[in-house]
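Asks: Next up, query37.txt (compact mmCIF, C-alpha atoms and all ligand atoms).
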# COMPACT_ATOMS: atom_id res chain seq x y z
CA MET A 17 -51.32 -125.27 -16.43
CA SER A 18 -49.66 -124.91 -13.03
CA ARG A 19 -51.68 -123.44 -10.20
CA GLU A 20 -49.27 -120.53 -9.88
CA SER A 21 -49.45 -119.48 -13.55
CA ASP A 22 -53.22 -119.94 -13.43
CA PHE A 23 -53.33 -117.54 -10.47
CA TYR A 24 -51.31 -114.85 -12.29
CA LEU A 25 -53.30 -115.25 -15.52
CA ARG A 26 -56.55 -114.81 -13.54
CA ARG A 27 -55.14 -111.70 -11.88
CA LEU A 28 -54.05 -110.28 -15.24
CA HIS A 29 -57.48 -111.10 -16.71
CA SER A 30 -59.17 -109.29 -13.82
CA LEU A 31 -56.90 -106.22 -13.99
CA LEU A 32 -57.21 -105.82 -17.77
CA GLY A 33 -61.02 -105.99 -17.48
CA VAL A 34 -60.88 -102.68 -15.58
CA ILE A 35 -57.64 -101.09 -16.82
CA PRO A 36 -57.68 -100.45 -19.73
CA VAL A 37 -60.73 -102.27 -21.17
CA GLY A 38 -63.33 -100.98 -18.66
CA LEU A 39 -62.00 -97.43 -18.85
CA PHE A 40 -62.05 -97.59 -22.64
CA VAL A 41 -65.68 -98.80 -22.72
CA ALA A 42 -66.80 -95.96 -20.40
CA GLN A 43 -64.90 -93.43 -22.53
CA HIS A 44 -66.32 -94.88 -25.76
CA LEU A 45 -69.91 -94.57 -24.52
CA VAL A 46 -69.35 -90.97 -23.36
CA ILE A 47 -67.88 -89.96 -26.75
CA ASN A 48 -70.82 -91.67 -28.52
CA HIS A 49 -73.16 -89.59 -26.40
CA PHE A 50 -72.17 -86.55 -28.50
CA ALA A 51 -74.65 -88.01 -31.01
CA THR A 52 -77.44 -86.60 -28.81
CA ARG A 53 -76.12 -83.10 -29.68
CA GLY A 54 -76.40 -83.71 -33.40
CA GLU A 55 -74.47 -84.97 -36.38
CA GLU A 56 -71.74 -82.33 -36.36
CA ALA A 57 -70.98 -82.68 -32.64
CA PHE A 58 -70.67 -86.47 -33.02
CA ASN A 59 -68.44 -86.28 -36.11
CA THR A 60 -66.15 -83.71 -34.45
CA ALA A 61 -65.76 -85.85 -31.30
CA SER A 62 -65.27 -89.04 -33.30
CA ASN A 63 -62.72 -87.40 -35.65
CA PHE A 64 -60.80 -86.08 -32.67
CA MET A 65 -60.49 -89.62 -31.23
CA GLY A 66 -59.70 -91.11 -34.64
CA ASN A 67 -56.94 -88.58 -35.37
CA LEU A 68 -55.05 -88.74 -32.07
CA PRO A 69 -51.28 -88.94 -32.59
CA PHE A 70 -49.99 -92.55 -32.63
CA VAL A 71 -53.62 -93.70 -32.87
CA LEU A 72 -52.80 -97.16 -34.24
CA PHE A 73 -50.26 -97.79 -31.47
CA LEU A 74 -52.75 -96.54 -28.84
CA GLU A 75 -55.52 -98.74 -30.26
CA TRP A 76 -53.38 -101.88 -30.08
CA ILE A 77 -51.96 -101.20 -26.61
CA ILE A 78 -55.09 -99.82 -24.95
CA ILE A 79 -57.82 -101.74 -26.76
CA TYR A 80 -57.07 -104.72 -29.03
CA LEU A 81 -54.36 -106.61 -27.13
CA PRO A 82 -55.89 -106.26 -23.62
CA LEU A 83 -59.40 -106.99 -24.97
CA MET A 84 -58.22 -110.05 -26.90
CA PHE A 85 -56.45 -111.45 -23.84
CA HIS A 86 -59.43 -110.70 -21.57
CA GLY A 87 -61.93 -112.02 -24.14
CA PHE A 88 -60.15 -115.25 -25.10
CA TYR A 89 -59.11 -116.14 -21.56
CA GLY A 90 -62.65 -115.12 -20.52
CA VAL A 91 -64.14 -117.72 -22.90
CA TYR A 92 -61.88 -120.34 -21.31
CA ILE A 93 -63.03 -119.29 -17.80
CA ALA A 94 -66.68 -119.12 -18.87
CA PHE A 95 -66.70 -122.69 -20.17
CA THR A 96 -64.72 -124.17 -17.30
CA ALA A 97 -66.60 -122.35 -14.51
CA LYS A 98 -68.91 -124.26 -12.21
CA ASN A 99 -72.31 -122.55 -12.27
CA ASN A 100 -74.42 -123.14 -9.20
CA VAL A 101 -77.60 -121.37 -10.22
CA GLN A 102 -79.79 -124.44 -9.94
CA ARG A 103 -78.49 -125.54 -6.59
CA TYR A 104 -78.25 -122.08 -5.00
CA GLY A 105 -80.62 -119.56 -6.59
CA THR A 106 -79.02 -116.62 -4.84
CA PHE A 107 -78.47 -113.17 -6.30
CA ARG A 108 -74.70 -113.62 -6.50
CA ASN A 109 -74.99 -116.95 -8.28
CA TRP A 110 -77.16 -115.35 -10.92
CA MET A 111 -74.69 -112.48 -11.28
CA PHE A 112 -71.87 -115.03 -11.66
CA LEU A 113 -73.77 -116.80 -14.46
CA LEU A 114 -74.79 -113.53 -16.17
CA GLN A 115 -71.16 -112.34 -16.08
CA ARG A 116 -70.23 -115.36 -18.20
CA VAL A 117 -73.24 -115.20 -20.50
CA THR A 118 -72.70 -111.49 -21.25
CA GLY A 119 -68.96 -112.13 -21.77
CA VAL A 120 -69.63 -114.77 -24.43
CA PHE A 121 -72.28 -112.57 -26.10
CA LEU A 122 -69.78 -109.67 -26.10
CA VAL A 123 -67.28 -111.74 -28.11
CA ILE A 124 -69.87 -111.97 -30.89
CA PHE A 125 -71.09 -108.39 -30.58
CA ILE A 126 -67.63 -106.81 -30.41
CA ALA A 127 -66.36 -108.91 -33.36
CA TRP A 128 -69.32 -107.75 -35.48
CA HIS A 129 -69.06 -104.13 -34.32
CA VAL A 130 -65.30 -103.96 -35.07
CA TYR A 131 -65.86 -105.58 -38.48
CA GLU A 132 -68.63 -103.13 -39.34
CA THR A 133 -66.76 -100.00 -38.23
CA ARG A 134 -62.99 -100.17 -37.68
CA ILE A 135 -62.25 -102.78 -40.36
CA GLN A 136 -64.44 -100.95 -42.90
CA LYS A 137 -62.52 -97.76 -42.05
CA ALA A 138 -59.23 -99.57 -42.71
CA LEU A 139 -60.70 -100.64 -46.07
CA GLY A 140 -61.47 -97.02 -46.97
CA ALA A 141 -65.03 -96.42 -45.72
CA GLU A 142 -65.89 -93.28 -43.78
CA VAL A 143 -67.03 -94.06 -40.27
CA ASN A 144 -69.28 -91.21 -39.18
CA PHE A 145 -72.79 -90.28 -38.03
CA ASN A 146 -74.30 -91.25 -41.40
CA MET A 147 -72.81 -94.71 -41.26
CA MET A 148 -74.22 -95.40 -37.78
CA GLU A 149 -77.57 -93.91 -38.80
CA GLU A 150 -77.71 -96.32 -41.72
CA ILE A 151 -76.72 -99.36 -39.63
CA LEU A 152 -79.23 -98.55 -36.88
CA SER A 153 -82.11 -97.86 -39.28
CA ASN A 154 -82.48 -101.64 -39.41
CA PRO A 155 -84.63 -102.58 -36.34
CA PHE A 156 -82.82 -105.90 -35.96
CA MET A 157 -79.45 -104.13 -35.81
CA LEU A 158 -80.81 -101.53 -33.40
CA ALA A 159 -81.96 -104.32 -31.05
CA PHE A 160 -78.59 -106.07 -31.47
CA TYR A 161 -76.69 -102.86 -30.62
CA ILE A 162 -78.91 -102.13 -27.60
CA ALA A 163 -78.32 -105.71 -26.37
CA GLY A 164 -74.57 -105.24 -26.96
CA VAL A 165 -74.42 -101.96 -25.02
CA LEU A 166 -76.46 -103.39 -22.12
CA ALA A 167 -74.32 -106.54 -22.05
CA ALA A 168 -71.18 -104.36 -21.90
CA THR A 169 -72.50 -102.05 -19.16
CA PHE A 170 -73.76 -104.99 -17.08
CA HIS A 171 -70.53 -106.93 -17.58
CA LEU A 172 -68.40 -103.92 -16.64
CA ALA A 173 -70.48 -102.91 -13.60
CA ASN A 174 -70.85 -106.45 -12.24
CA GLY A 175 -67.17 -107.02 -13.06
CA LEU A 176 -66.25 -104.04 -10.87
CA TRP A 177 -67.94 -105.82 -7.96
CA SER A 178 -65.95 -109.03 -8.46
CA PHE A 179 -62.82 -106.96 -9.10
CA ALA A 180 -63.29 -105.27 -5.70
CA VAL A 181 -63.63 -108.71 -4.09
CA THR A 182 -60.77 -110.33 -6.06
CA TRP A 183 -58.32 -107.58 -5.09
CA GLY A 184 -59.38 -107.43 -1.42
CA ILE A 185 -61.00 -103.97 -1.71
CA ALA A 186 -64.38 -105.27 -0.46
CA GLN A 187 -63.89 -108.08 2.07
CA SER A 188 -66.60 -107.82 4.72
CA PRO A 189 -70.23 -108.66 3.83
CA ARG A 190 -71.16 -105.03 4.62
CA SER A 191 -68.57 -103.54 2.25
CA GLN A 192 -69.60 -106.04 -0.43
CA THR A 193 -73.22 -104.88 -0.08
CA ILE A 194 -72.13 -101.22 -0.39
CA VAL A 195 -70.13 -102.07 -3.53
CA THR A 196 -73.23 -103.87 -4.92
CA TYR A 197 -75.22 -100.62 -4.65
CA ILE A 198 -72.39 -98.55 -6.17
CA THR A 199 -72.12 -100.93 -9.12
CA ILE A 200 -75.91 -100.94 -9.67
CA VAL A 201 -75.72 -97.13 -9.97
CA ALA A 202 -72.75 -97.46 -12.37
CA PHE A 203 -74.76 -99.95 -14.48
CA LEU A 204 -77.77 -97.62 -14.66
CA VAL A 205 -75.76 -94.47 -15.47
CA LEU A 206 -73.64 -96.15 -18.18
CA SER A 207 -76.71 -97.86 -19.67
CA VAL A 208 -78.62 -94.58 -19.96
CA ILE A 209 -75.59 -92.89 -21.60
CA GLY A 210 -75.09 -95.81 -24.02
CA VAL A 211 -78.73 -96.33 -25.02
CA GLN A 212 -79.46 -92.58 -25.36
CA ALA A 213 -76.53 -92.35 -27.80
CA LEU A 214 -77.91 -95.23 -29.91
CA LEU A 215 -81.40 -93.74 -30.00
CA ALA A 216 -79.96 -90.40 -31.14
CA PHE A 217 -79.15 -92.06 -34.49
CA VAL A 218 -82.73 -93.19 -35.10
CA VAL A 219 -84.95 -90.30 -34.00
C1 LIG B 1 -66.77 -104.86 -23.11
C2 LIG B 1 -65.61 -105.40 -22.83
C3 LIG B 1 -65.34 -106.02 -21.49
C4 LIG B 1 -65.17 -105.40 -20.28
C5 LIG B 1 -65.21 -103.90 -20.00
C6 LIG B 1 -64.92 -106.42 -19.29
C7 LIG B 1 -64.70 -106.18 -17.93
C8 LIG B 1 -64.60 -107.16 -16.97
C9 LIG B 1 -64.35 -106.93 -15.58
C10 LIG B 1 -64.15 -105.57 -14.93
C11 LIG B 1 -64.35 -108.13 -14.94
C12 LIG B 1 -64.14 -108.41 -13.44
C13 LIG B 1 -62.76 -108.94 -13.16
C14 LIG B 1 -62.73 -109.67 -11.83
O1 LIG B 1 -63.53 -110.57 -11.59
O2 LIG B 1 -61.85 -109.35 -11.02
C15 LIG B 1 -64.62 -109.13 -15.93
C16 LIG B 1 -64.74 -110.47 -15.66
C17 LIG B 1 -64.95 -111.43 -16.59
N1 LIG B 1 -64.98 -111.25 -17.96
FE1 LIG B 1 -64.96 -109.46 -18.93
N2 LIG B 1 -64.97 -107.65 -19.89
C18 LIG B 1 -65.23 -107.45 -21.24
C19 LIG B 1 -65.34 -108.42 -22.20
C20 LIG B 1 -65.32 -109.78 -21.95
C21 LIG B 1 -65.41 -110.78 -22.96
C22 LIG B 1 -65.50 -110.54 -24.46
C23 LIG B 1 -65.39 -111.98 -22.31
C24 LIG B 1 -65.46 -113.33 -22.99
C25 LIG B 1 -66.10 -114.35 -22.51
C26 LIG B 1 -65.29 -111.73 -20.89
C27 LIG B 1 -65.31 -112.70 -19.89
C28 LIG B 1 -65.20 -112.47 -18.55
C29 LIG B 1 -65.31 -113.48 -17.51
C30 LIG B 1 -65.54 -114.97 -17.71
C31 LIG B 1 -65.17 -112.82 -16.28
C32 LIG B 1 -65.25 -113.44 -14.87
C33 LIG B 1 -63.88 -113.69 -14.33
C34 LIG B 1 -63.92 -114.34 -12.96
O3 LIG B 1 -64.97 -114.41 -12.32
O4 LIG B 1 -62.86 -114.75 -12.51
N3 LIG B 1 -65.23 -110.37 -20.70
N4 LIG B 1 -64.75 -108.53 -17.16
Please express the file's structure as structure tokens.
Replies:
Amino acid sequence: MSRESDFYLRRLHSLLGVIPVGLFVAQHLVINHFATRGEEAFNTASNFMGNLPFVLFLEWIIIYLPLMFHGFYGVYIAFTAKNNVQRYGTFRNWMFLLQRVTGVFLVIFIAWHVYETRIQKALGAEVNFNMMEEILSNPFMLAFYIAGVLAATFHLANGLWSFAVTWGIAQSPRSQTIVTYITIVAFLVLSVIGVQALLAFVV
């Protein structure tokens, strides 16, 4: 691949990670949080999202196509990246490695999650509070879902830091440190929202 096309593909990969994939993930976790208000509140919120006009078109344009590009190109980046953790054990090197590890784990988690929910819905199953309650009653699946949510919130929050650097938003060491703190807060807030929603199906 030429250097120029590689540059544009990397930029597209970076942009799609935030818009629309990152925005979708944040929205998805917030809607799931309705589970903490009970079965009816969750089903109403989830039905509203599932019955939006042109929902199939919106799903493909906002979720599947951008996520597939970001995910598949992400696997390519993850396996061609040079990890320096052993030589330089700095915080940023660890974040760089974890960004790739969580990305690869997310391919597996998202594939399973989509199979278990959206594909089952297409095959006629009803995706609602009861279905998630049943899935998460298995402790192994609960642990898998918690790991998936934490991988997604870490990957998104840490990705926002590298996005800010990639696009020249945070250039000086001081602004990069400030963005580190902002993204740590984003990670914690999104993680609490995501994990609280999961636990609402089991207690
Ligand atoms: C939950 C869905 C996902 C979200 C919200 C997301 C979001 C992001 C964001 C915001 C970035 C930062 C872009 C930048 O560095 O400028 C990023 C980077 C990255 N993502 Fe994802 N991503 C997701 C799924 C995946 C998947 C499934 C993979 C597959 C391996 C992946 C692999 C990567 C890699 C390797 C990077 C680092 C790119 C670089 O340093 O140049 N991501 N992601």
Asks: Show me which residues sit within 8 Å of ligand LIG 1 (chain B) when counting all atoms listed in the file, and put them as a PyMOL selection string.
Replies: chain A and resi 26-27+29-34+37-41+83-84+86-94+112+115-124+126+167-169+171-183
Asks: Need to verify the contact set: stretch 65-72 of chain A, 10 Å, only C-alpha atoms, exclusion of same-chain residues closer than 5 positions in sequence. Can you return it as a PyMOL selection string?
Replies: chain A and resi 44+47+59-60+77-78+143
Asks: What's the separation between atom CA of A:Val46 and atom CA of A:Val208, in Å to one decimal place?
Replies: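 Going from atom CA of A:Val46 over to atom CA of A:Val208, I get 10.5 Å.
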Asks: Near A:Ile209, within 7 Å and counting all atoms listed in the file, which residues show up once chain neighbours fewer than 2 positions away are dropped, as a list in words?
Replies: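 Using all atoms listed in the file, the neighbours found are Leu45, Val46, His49, Val205, Leu206, Ser207, Val211, Gln212 and Ala213 of chain A.
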Asks: Could you tell me how far atom CA of A:Val218 lies from atom CA of A:Phe125, in Å and to one decimal?
Replies: 19.7 Å
Asks: Do you have the atom CA of A:Glu56-atom CA of A:Glu142 distance handy?
Replies: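 These atoms are spaced 14.5 Å apart.
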Asks: Pick out the closest residue to A:Phe95 from this set: A:Thr52, A:Leu139, A:Leu113, A:Tyr80. Count only C-alpha atoms.
Replies: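 Of A:Thr52, A:Leu139, A:Leu113, A:Tyr80, the one nearest A:Phe95 is A:Leu113, counting only C-alpha atoms.
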Asks: Edge lengths and centre in Å to one decimal, as JSON, is what I'm after for the box along x, y and z that holds all listed atoms of stretch 174-182 of chain A once 6 Å is added on each side.
Replies:
{"center_x": -65.8, "center_y": -107.2, "center_z": -8.6, "size_x": 22.1, "size_y": 18.3, "size_z": 21.0}
Asks: From the options A:Ile35, A:Val201, A:Ala61, A:Ile194, which residue's atoms come nearest to A:Pro82, counting all atoms listed in the file?
Replies: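 Using all atoms listed in the file, A:Pro82 sits closest to A:Ile35.
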Asks: Using the block above, I'd like stretch 160-173 of chain A written out, keeping N, CA and C atoms and formatting it as a PDB file, in the first residue's frame.
Replies:
ATOM      1  N   PHE A 160     -18.095 -12.254  31.087  1.00  0.00           N
ATOM      2  CA  PHE A 160     -17.723 -11.945  29.695  1.00  0.00           C
ATOM      3  C   PHE A 160     -18.294 -10.575  29.277  1.00  0.00           C
ATOM      4  N   TYR A 161     -19.544 -10.315  29.658  1.00  0.00           N
ATOM      5  CA  TYR A 161     -20.162  -9.025  29.310  1.00  0.00           C
ATOM      6  C   TYR A 161     -19.502  -7.858  30.066  1.00  0.00           C
ATOM      7  N   ILE A 162     -19.156  -8.101  31.352  1.00  0.00           N
ATOM      8  CA  ILE A 162     -18.487  -7.023  32.102  1.00  0.00           C
ATOM      9  C   ILE A 162     -17.131  -6.730  31.448  1.00  0.00           C
ATOM     10  N   ALA A 163     -16.404  -7.792  31.081  1.00  0.00           N
ATOM     11  CA  ALA A 163     -15.107  -7.598  30.409  1.00  0.00           C
ATOM     12  C   ALA A 163     -15.313  -6.856  29.080  1.00  0.00           C
ATOM     13  N   GLY A 164     -16.382  -7.199  28.355  1.00  0.00           N
ATOM     14  CA  GLY A 164     -16.652  -6.544  27.067  1.00  0.00           C
ATOM     15  C   GLY A 164     -16.959  -5.067  27.233  1.00  0.00           C
ATOM     16  N   VAL A 165     -17.771  -4.739  28.245  1.00  0.00           N
ATOM     17  CA  VAL A 165     -18.122  -3.327  28.478  1.00  0.00           C
ATOM     18  C   VAL A 165     -16.874  -2.545  28.903  1.00  0.00           C
ATOM     19  N   LEU A 166     -16.068  -3.133  29.815  1.00  0.00           N
ATOM     20  CA  LEU A 166     -14.869  -2.419  30.269  1.00  0.00           C
ATOM     21  C   LEU A 166     -13.842  -2.275  29.142  1.00  0.00           C
ATOM     22  N   ALA A 167     -13.753  -3.291  28.292  1.00  0.00           N
ATOM     23  CA  ALA A 167     -12.833  -3.184  27.141  1.00  0.00           C
ATOM     24  C   ALA A 167     -13.297  -2.046  26.226  1.00  0.00           C
ATOM     25  N   ALA A 168     -14.628  -1.946  26.017  1.00  0.00           N
ATOM     26  CA  ALA A 168     -15.149  -0.901  25.123  1.00  0.00           C
ATOM     27  C   ALA A 168     -14.952   0.493  25.722  1.00  0.00           C
ATOM     28  N   THR A 169     -15.211   0.639  27.039  1.00  0.00           N
ATOM     29  CA  THR A 169     -15.074   1.974  27.636  1.00  0.00           C
ATOM     30  C   THR A 169     -13.596   2.379  27.710  1.00  0.00           C
ATOM     31  N   PHE A 170     -12.723   1.413  28.008  1.00  0.00           N
ATOM     32  CA  PHE A 170     -11.289   1.741  28.016  1.00  0.00           C
ATOM     33  C   PHE A 170     -10.848   2.133  26.614  1.00  0.00           C
ATOM     34  N   HIS A 171     -11.215   1.293  25.636  1.00  0.00           N
ATOM     35  CA  HIS A 171     -10.773   1.502  24.257  1.00  0.00           C
ATOM     36  C   HIS A 171     -11.269   2.854  23.717  1.00  0.00           C
ATOM     37  N   LEU A 172     -12.516   3.189  24.060  1.00  0.00           N
ATOM     38  CA  LEU A 172     -13.061   4.471  23.602  1.00  0.00           C
ATOM     39  C   LEU A 172     -12.357   5.640  24.293  1.00  0.00           C
ATOM     40  N   ALA A 173     -12.217   5.563  25.632  1.00  0.00           N
ATOM     41  CA  ALA A 173     -11.626   6.682  26.369  1.00  0.00           C
ATOM     42  C   ALA A 173     -10.158   6.876  25.986  1.00  0.00           C
TER      43      ALA A 173
END
